[in-house]
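Data block for work25.csv (CSV, C-alpha atoms):
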chain,number,residue,atom,x,y,z
F,28,MET,CA,14.4,-14.5,8.1
F,29,THR,CA,14.2,-11.9,10.8
F,30,GLU,CA,11.0,-10.6,12.3
F,31,GLN,CA,9.2,-7.8,10.5
F,32,ILE,CA,10.1,-4.4,12.0
F,33,THR,CA,7.4,-1.8,12.6
F,34,ALA,CA,6.7,1.1,10.3
F,35,GLY,CA,7.8,3.4,13.1
F,36,GLN,CA,11.2,1.6,13.4
F,37,PHE,CA,11.6,1.8,9.7
F,38,HIS,CA,11.0,5.5,9.5
F,39,ALA,CA,13.2,6.2,12.5
F,40,ALA,CA,16.2,4.8,10.6
F,41,ASP,CA,18.7,7.0,8.7
F,42,ASP,CA,18.8,7.2,4.9
F,43,VAL,CA,15.3,5.9,4.2
F,44,GLU,CA,13.7,9.3,3.4
F,45,ASP,CA,12.9,8.1,-0.2
F,46,TRP,CA,10.5,5.4,1.2
F,47,ARG,CA,7.0,5.4,2.8
F,48,SER,CA,5.2,2.6,4.7
F,49,LEU,CA,1.8,1.6,3.4
F,50,TYR,CA,0.1,-1.0,5.5
F,51,HIS,CA,2.5,-4.0,5.4
F,52,VAL,CA,4.9,-2.7,2.7
F,53,ALA,CA,7.5,0.0,2.2
F,54,SER,CA,7.4,1.7,-1.2
F,55,GLY,CA,9.5,4.1,-3.1
F,56,HIS,CA,8.9,5.8,-6.4
F,57,PHE,CA,11.8,7.0,-8.6
F,58,ARG,CA,11.2,9.3,-11.5
F,59,THR,CA,13.3,8.0,-14.4
F,60,GLY,CA,11.8,10.0,-17.2
F,61,SER,CA,12.4,7.3,-19.8
F,62,LEU,CA,11.9,3.6,-20.2
F,63,ALA,CA,15.6,3.1,-21.0
F,64,LYS,CA,16.7,4.8,-17.8
F,65,GLY,CA,14.1,2.8,-15.9
F,66,ILE,CA,15.4,-0.5,-17.4
F,67,ALA,CA,18.9,0.4,-16.3
F,68,PHE,CA,17.7,1.2,-12.8
F,69,VAL,CA,15.7,-2.1,-12.6
F,70,ASP,CA,18.7,-4.0,-13.9
F,71,GLU,CA,20.8,-2.5,-11.1
F,72,ILE,CA,18.2,-3.4,-8.5
F,73,GLY,CA,18.3,-6.9,-9.8
F,74,ARG,CA,22.1,-7.0,-9.1
F,75,LEU,CA,21.7,-5.4,-5.6
F,76,ALA,CA,18.9,-7.8,-4.3
F,77,GLY,CA,19.9,-11.2,-3.2
F,78,GLY,CA,17.8,-14.3,-3.8
F,79,ALA,CA,16.1,-14.1,-0.4
F,80,GLU,CA,15.4,-10.4,-0.8
F,81,GLN,CA,13.9,-10.9,-4.2
F,82,GLU,CA,11.1,-13.0,-2.6
F,83,TYR,CA,9.6,-9.9,-1.1
F,84,LEU,CA,10.7,-7.3,-3.7
F,85,SER,CA,8.4,-6.1,-6.4
F,86,VAL,CA,9.1,-3.6,-9.2
F,87,ASP,CA,6.7,-1.7,-11.4
F,88,LEU,CA,8.4,-0.3,-14.5
F,89,ARG,CA,6.8,2.5,-16.4
F,90,SER,CA,8.2,5.0,-18.9
F,91,ALA,CA,7.9,7.9,-16.4
F,92,GLY,CA,9.2,6.0,-13.4
F,93,VAL,CA,9.8,2.9,-11.3
F,94,THR,CA,7.9,2.0,-8.2
F,95,VAL,CA,9.7,-0.4,-5.8
F,96,SER,CA,7.8,-2.2,-3.0
F,97,LEU,CA,9.3,-4.2,-0.2
F,98,GLY,CA,7.0,-6.8,1.5
F,99,ARG,CA,9.4,-6.6,4.4
F,100,ARG,CA,10.6,-3.3,5.8
F,101,ASP,CA,14.2,-4.0,4.9
F,102,ILE,CA,16.2,-0.9,5.8
F,103,ALA,CA,19.5,-2.2,4.3
F,104,LEU,CA,17.9,-3.0,0.9
F,105,ALA,CA,16.0,0.3,0.8
F,106,ARG,CA,19.2,2.1,1.4
F,107,ARG,CA,21.0,0.2,-1.4
F,108,ILE,CA,18.2,0.9,-3.9
F,109,SER,CA,18.2,4.6,-3.0
F,110,ALA,CA,21.9,4.8,-3.3
F,111,ALA,CA,21.7,3.2,-6.8
F,112,ALA,CA,19.0,5.7,-7.8
F,113,LYS,CA,21.3,8.6,-6.7
F,114,GLU,CA,24.2,7.1,-8.6
F,115,LEU,CA,22.1,7.0,-11.7
F,116,ASP,CA,20.8,10.6,-11.1
F,117,ILE,CA,17.2,9.4,-10.6
F,118,PRO,CA,15.2,11.4,-8.1
F,119,ALA,CA,12.8,9.9,-5.6
F,120,ASP,CA,9.2,11.1,-5.3
F,121,PRO,CA,7.6,9.8,-2.0
F,122,THR,CA,4.4,11.6,-2.8
F,123,ALA,CA,3.7,9.3,-5.7
F,124,VAL,CA,3.3,6.0,-3.8
F,125,GLN,CA,0.0,4.6,-2.6
F,126,LEU,CA,-1.7,1.2,-2.0
F,127,VAL,CA,-5.4,0.6,-2.9
F,128,ASN,CA,-7.5,-2.1,-1.2
F,129,VAL,CA,-11.1,-3.0,-2.0
F,130,THR,CA,-12.9,-3.6,1.3
F,131,LEU,CA,-16.2,-5.5,1.8
F,132,ASP,CA,-18.3,-5.3,4.9
F,133,ALA,CA,-19.4,-8.9,5.8
F,134,LEU,CA,-21.5,-10.5,8.5
F,135,VAL,CA,-19.7,-13.8,8.3
F,136,GLY,CA,-16.3,-13.5,6.6
F,137,ALA,CA,-15.7,-17.2,6.5
F,138,ASP,CA,-18.8,-17.6,4.3
F,139,VAL,CA,-17.8,-15.1,1.7
F,140,LEU,CA,-14.0,-15.0,1.5
F,141,PRO,CA,-13.6,-18.3,-0.3
F,142,PHE,CA,-15.9,-17.1,-3.1
F,143,TRP,CA,-13.8,-13.9,-3.6
F,144,ARG,CA,-10.5,-15.9,-3.4
F,145,ALA,CA,-11.7,-18.3,-6.1
F,146,LEU,CA,-13.2,-15.5,-8.3
F,147,LEU,CA,-10.2,-13.3,-8.2
F,148,GLY,CA,-7.5,-16.0,-8.3
F,149,TYR,CA,-6.0,-14.4,-5.2
F,150,ARG,CA,-4.2,-15.9,-2.2
F,151,GLN,CA,-5.1,-15.4,1.4
F,152,ILE,CA,-3.4,-13.8,4.4
F,153,GLY,CA,-5.0,-14.5,7.8
F,154,ASP,CA,-8.8,-14.6,8.1
F,155,ASP,CA,-9.8,-11.4,6.3
F,156,TYR,CA,-7.4,-10.5,3.5
F,157,LEU,CA,-6.6,-11.5,-0.1
F,158,PHE,CA,-3.8,-10.5,-2.3
F,159,ASP,CA,-2.8,-10.8,-6.0
F,160,PRO,CA,0.2,-13.2,-6.2
F,161,LEU,CA,1.2,-11.4,-9.4
F,162,ARG,CA,1.0,-8.0,-7.8
F,163,ARG,CA,-1.3,-6.6,-10.5
F,164,GLY,CA,-4.5,-5.9,-8.7
F,165,PRO,CA,-5.5,-4.2,-5.4
F,166,GLY,CA,-5.8,-6.0,-2.1
F,167,PHE,CA,-9.2,-7.3,-1.1
F,168,GLY,CA,-10.2,-7.2,2.6
F,169,LEU,CA,-13.2,-7.9,4.8
F,170,GLN,CA,-14.4,-5.7,7.5
F,171,GLN,CA,-16.7,-7.1,10.3
F,172,MET,CA,-20.3,-5.9,10.1
F,173,ASN,CA,-22.3,-6.3,13.3
F,174,ALA,CA,-25.7,-6.1,11.6
F,175,ALA,CA,-27.0,-6.1,8.0
F,176,ARG,CA,-27.3,-2.7,6.5
F,177,PRO,CA,-29.3,-3.1,3.3
F,178,GLN,CA,-29.6,0.7,2.7
F,179,ARG,CA,-25.8,1.3,2.9
F,180,ASN,CA,-23.1,0.4,0.4
F,181,ARG,CA,-21.1,-2.6,1.7
F,182,MET,CA,-18.0,-2.2,-0.4
F,183,HIS,CA,-15.6,0.7,-0.4
F,184,LEU,CA,-12.0,1.6,-1.3
F,185,ASP,CA,-9.2,1.9,1.2
F,186,VAL,CA,-6.4,4.1,-0.1
F,187,ALA,CA,-3.2,3.9,1.9
F,188,VAL,CA,-1.1,7.0,1.3
F,189,PRO,CA,2.2,8.3,2.8
F,190,HIS,CA,1.6,9.6,6.3
F,191,ASP,CA,2.8,13.0,5.3
F,192,GLN,CA,0.5,13.2,2.4
F,193,ALA,CA,-2.8,12.2,4.0
F,194,GLU,CA,-4.0,15.7,4.8
F,195,ALA,CA,-3.4,17.0,1.3
F,196,ARG,CA,-5.2,14.0,-0.2
F,197,ILE,CA,-8.2,14.5,2.1
F,198,SER,CA,-8.3,18.2,1.3
F,199,ALA,CA,-8.3,17.5,-2.4
F,200,ALA,CA,-11.1,15.0,-2.1
F,201,LEU,CA,-13.2,17.4,0.0
F,202,ALA,CA,-12.5,20.2,-2.5
F,203,ALA,CA,-13.7,17.8,-5.3
F,204,GLY,CA,-17.2,17.5,-3.8
F,205,GLY,CA,-16.6,14.9,-1.1
F,206,HIS,CA,-17.4,15.2,2.6
F,207,LEU,CA,-15.9,13.9,5.8
F,208,VAL,CA,-17.9,11.0,7.4
F,209,SER,CA,-15.7,10.4,10.3
F,210,ASP,CA,-12.2,11.1,11.7
F,211,ALA,CA,-12.8,9.1,14.9
F,212,HIS,CA,-9.9,6.8,14.0
F,213,ALA,CA,-7.5,9.4,12.5
F,214,PRO,CA,-4.6,9.3,11.8
F,215,MET,CA,-5.0,5.6,11.1
F,216,TRP,CA,-7.9,6.3,8.8
F,217,TRP,CA,-10.5,8.9,7.8
F,218,VAL,CA,-13.8,8.0,6.3
F,219,LEU,CA,-14.9,10.1,3.3
F,220,ALA,CA,-17.8,10.0,1.0
F,221,ASP,CA,-18.7,11.3,-2.4
F,222,ALA,CA,-21.8,13.4,-3.2
F,223,GLU,CA,-24.0,10.3,-3.3
F,224,GLY,CA,-22.7,8.8,-0.1
F,225,ASN,CA,-20.3,6.2,-1.5
F,226,GLU,CA,-17.5,5.8,1.0
F,227,ALA,CA,-13.7,5.5,0.9
F,228,CYS,CA,-11.1,5.5,3.6
F,229,VAL,CA,-7.8,7.3,3.5
F,230,ALA,CA,-5.3,5.4,5.7
F,231,THR,CA,-1.8,5.7,7.0
F,232,TRP,CA,0.5,3.5,9.1
F,233,VAL,CA,0.4,5.9,12.1
F,234,GLY,CA,-1.3,4.4,15.1
F,235,ARG,CA,-1.3,0.8,13.8
F,236,GLU,CA,1.6,-0.4,15.9
Go through the file and emit its structure as structure tokens.
Amino acid sequence: MTEQITAGQFHAADDVEDWRSLYHVASGHFRTGSLAKGIAFVDEIGRLAGGAEQEYLSVDLRSAGVTVSLGRRDIALARRISAAAKELDIPADPTAVQLVNVTLDALVGADVLPFWRALLGYRQIGDDYLFDPLRRGPGFGLQQMNAARPQRNRMHLDVAVPHDQAEARISAALAAGGHLVSDAHAPMWWVLADAEGNEACVATWVGRE
């Protein structure tokens, strides 16, 4: 299997405008409008993807649309799936994709990650990240905390959105009563909080390479 290309390399390619990079995956959402049309589209994806490609391909079928995620930024497969959607007259909607992670601030990650891995029934990537092997739940990550902060929430959501949708998502959250905590790391991520100080990060792939 070839080495994973960067998000920048993926987006620089032709004919991948239906897709957006979210952390380690590339996702596309296709508005089928009916379960029957979605099933036909998924059936076609099954014919298009080879055995090795199916190892990193996941499909979420709903009555309104199909979300396809590639665990490897596979330009050729993304192009074939987009071509199949066009052939079936199924429009893509890149604004509809996102990836949600739950993030816990921890002093000693090695002491707490095994607990969460066992509790959630997840599998581990590296030293600080867990994922649902059945692709049903959000990712679960650890963030290094340098000192205990008993008066501050230690768990927050990380919401990865398409890089061209981040500003709109942030504006909507601010208009809904939130406030900006920090944009020091933008455009990789912005830290927002609700009216009571509970934090969430809006993240993109930009600046991570």
Cut-off 8 Å around (-14.0, -9.0, 0.2) with only C-alpha atoms: residues as a PDB file with C-alpha atoms, in the coordinates of the input:
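And here is the file that came out, point24.pdb:
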ATOM      1  CA  VAL F 129     -11.100  -3.000  -2.000  1.00  0.00           C
ATOM      2  CA  THR F 130     -12.900  -3.600   1.300  1.00  0.00           C
ATOM      3  CA  LEU F 131     -16.200  -5.500   1.800  1.00  0.00           C
ATOM      4  CA  ASP F 132     -18.300  -5.300   4.900  1.00  0.00           C
ATOM      5  CA  ALA F 133     -19.400  -8.900   5.800  1.00  0.00           C
ATOM      6  CA  VAL F 139     -17.800 -15.100   1.700  1.00  0.00           C
ATOM      7  CA  LEU F 140     -14.000 -15.000   1.500  1.00  0.00           C
ATOM      8  CA  TRP F 143     -13.800 -13.900  -3.600  1.00  0.00           C
ATOM      9  CA  ASP F 155      -9.800 -11.400   6.300  1.00  0.00           C
ATOM     10  CA  TYR F 156      -7.400 -10.500   3.500  1.00  0.00           C
ATOM     11  CA  LEU F 157      -6.600 -11.500  -0.100  1.00  0.00           C
ATOM     12  CA  PHE F 167      -9.200  -7.300  -1.100  1.00  0.00           C
ATOM     13  CA  GLY F 168     -10.200  -7.200   2.600  1.00  0.00           C
ATOM     14  CA  LEU F 169     -13.200  -7.900   4.800  1.00  0.00           C
ATOM     15  CA  MET F 182     -18.000  -2.200  -0.400  1.00  0.00           C
TER      16      MET F 182
END
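Every protein, DNA or RNA residue with an atom at most 7 Å from region 95-110 of chain F, where all atoms listed in the file count and chain neighbours fewer than 2 positions away do not, is listed here: Gln31, Ile32, Phe37, Asp42, Val43, Asp45, His51, Val52, Ala53, Ser54, Gly55, His56, Ile72, Tyr83, Leu84, Ser85, Val86, Asp87, Val93, Ala112, Lys113 and Glu114 of chain F.
Note that CA of Gly148 (chain F) and CA of Arg47 (chain F) are 28.1 Å apart.
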Box along x, y and z, 5 Å on every side, all listed atoms of region 138-154 of chain F inside: centre and edge lengths in Å to one decimal, as AutoDock Vina command-line options.
--center_x -11.1 --center_y -15.8 --center_z -0.1 --size_x 25.4 --size_y 15.0 --size_z 26.4
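Closest approach to Glu44 (chain F) among F:Ala91, F:Ala67, F:Ala119, F:Ala213: F:Ala119, based on all atoms listed in the file.
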Between F:His212, F:Arg58, F:His38, F:His190, which residue has the minimum interatomic distance to Asp116 (chain F), considering all atoms listed in the file? F:Arg58
Name the residues, using the chain letters and numbers of the file, that sit within 6 Å of (19.5, 2.4, -11.6) when counting only C-alpha atoms, and give them as a PyMOL selection string. chain F and resi 67-69+71+111-112+115
Writing out the chosen residues with C-alpha atoms as a PDB file, in the frame of the given file:
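Once everything was written out, this is part12.pdb:
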ATOM      1  CA  ALA F  67      18.900   0.400 -16.300  1.00  0.00           C
ATOM      2  CA  PHE F  68      17.700   1.200 -12.800  1.00  0.00           C
ATOM      3  CA  VAL F  69      15.700  -2.100 -12.600  1.00  0.00           C
ATOM      4  CA  GLU F  71      20.800  -2.500 -11.100  1.00  0.00           C
ATOM      5  CA  ALA F 111      21.700   3.200  -6.800  1.00  0.00           C
ATOM      6  CA  ALA F 112      19.000   5.700  -7.800  1.00  0.00           C
ATOM      7  CA  LEU F 115      22.100   7.000 -11.700  1.00  0.00           C
TER       8      LEU F 115
END
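Atom pair CA of Arg162 (chain F) / CA of Ala123 (chain F): separated by 17.6 Å.
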Residues of region 102-192 of chain F that have any atom at most 12 Å from an atom of region 214-230 of chain F: could you tabulate them with the shortest-distance atom pair and the distance in Å to one decimal, using all atoms listed in the file, ordered by chain and increasing number, as a Markdown table?
| residue | atom | partner | partner_atom | distance |
| --- | --- | --- | --- | --- |
| F:Gln125 | CA | F:Ala230 | CA | 9.9 |
| F:Leu126 | CA | F:Ala230 | CA | 9.5 |
| F:Val127 | CA | F:Val229 | CA | 9.6 |
| F:Asn128 | CA | F:Cys228 | CA | 9.7 |
| F:Val129 | CA | F:Ala227 | CA | 9.3 |
| F:Thr130 | CA | F:Ala227 | CA | 9.1 |
| F:Leu131 | CA | F:Ala227 | CA | 11.3 |
| F:Asp132 | CA | F:Glu226 | CA | 11.8 |
| F:Gln178 | CA | F:Gly224 | CA | 11.0 |
| F:Arg179 | CA | F:Asn225 | CA | 8.6 |
| F:Asn180 | CA | F:Asn225 | CA | 6.7 |
| F:Arg181 | CA | F:Glu226 | CA | 9.2 |
| F:Met182 | CA | F:Glu226 | CA | 8.1 |
| F:His183 | CA | F:Ala227 | CA | 5.3 |
| F:Leu184 | CA | F:Ala227 | CA | 4.8 |
| F:Asp185 | CA | F:Cys228 | CA | 4.7 |
| F:Val186 | CA | F:Val229 | CA | 5.0 |
| F:Ala187 | CA | F:Ala230 | CA | 4.6 |
| F:Val188 | CA | F:Ala230 | CA | 6.3 |
| F:Pro189 | CA | F:Ala230 | CA | 8.5 |
| F:His190 | CA | F:Ala230 | CA | 8.1 |
| F:Asp191 | CA | F:Pro214 | CA | 10.5 |
| F:Gln192 | CA | F:Val229 | CA | 10.2 |
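As for CA of Gly205 (chain F) and CA of Leu134 (chain F), they are spaced 27.6 Å apart.
Ranking F:Ala202, F:Ala76, F:Ala195, F:Val135 by their shortest atom-to-atom distance to Ala174 (chain F), with only C-alpha atoms included, puts F:Val135 first.
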Selected residue, from F:Ala145, F:Ala193, F:Ala34, F:Ile66, that lies nearest to Gly234 (chain F) when counting only C-alpha atoms: F:Ala34
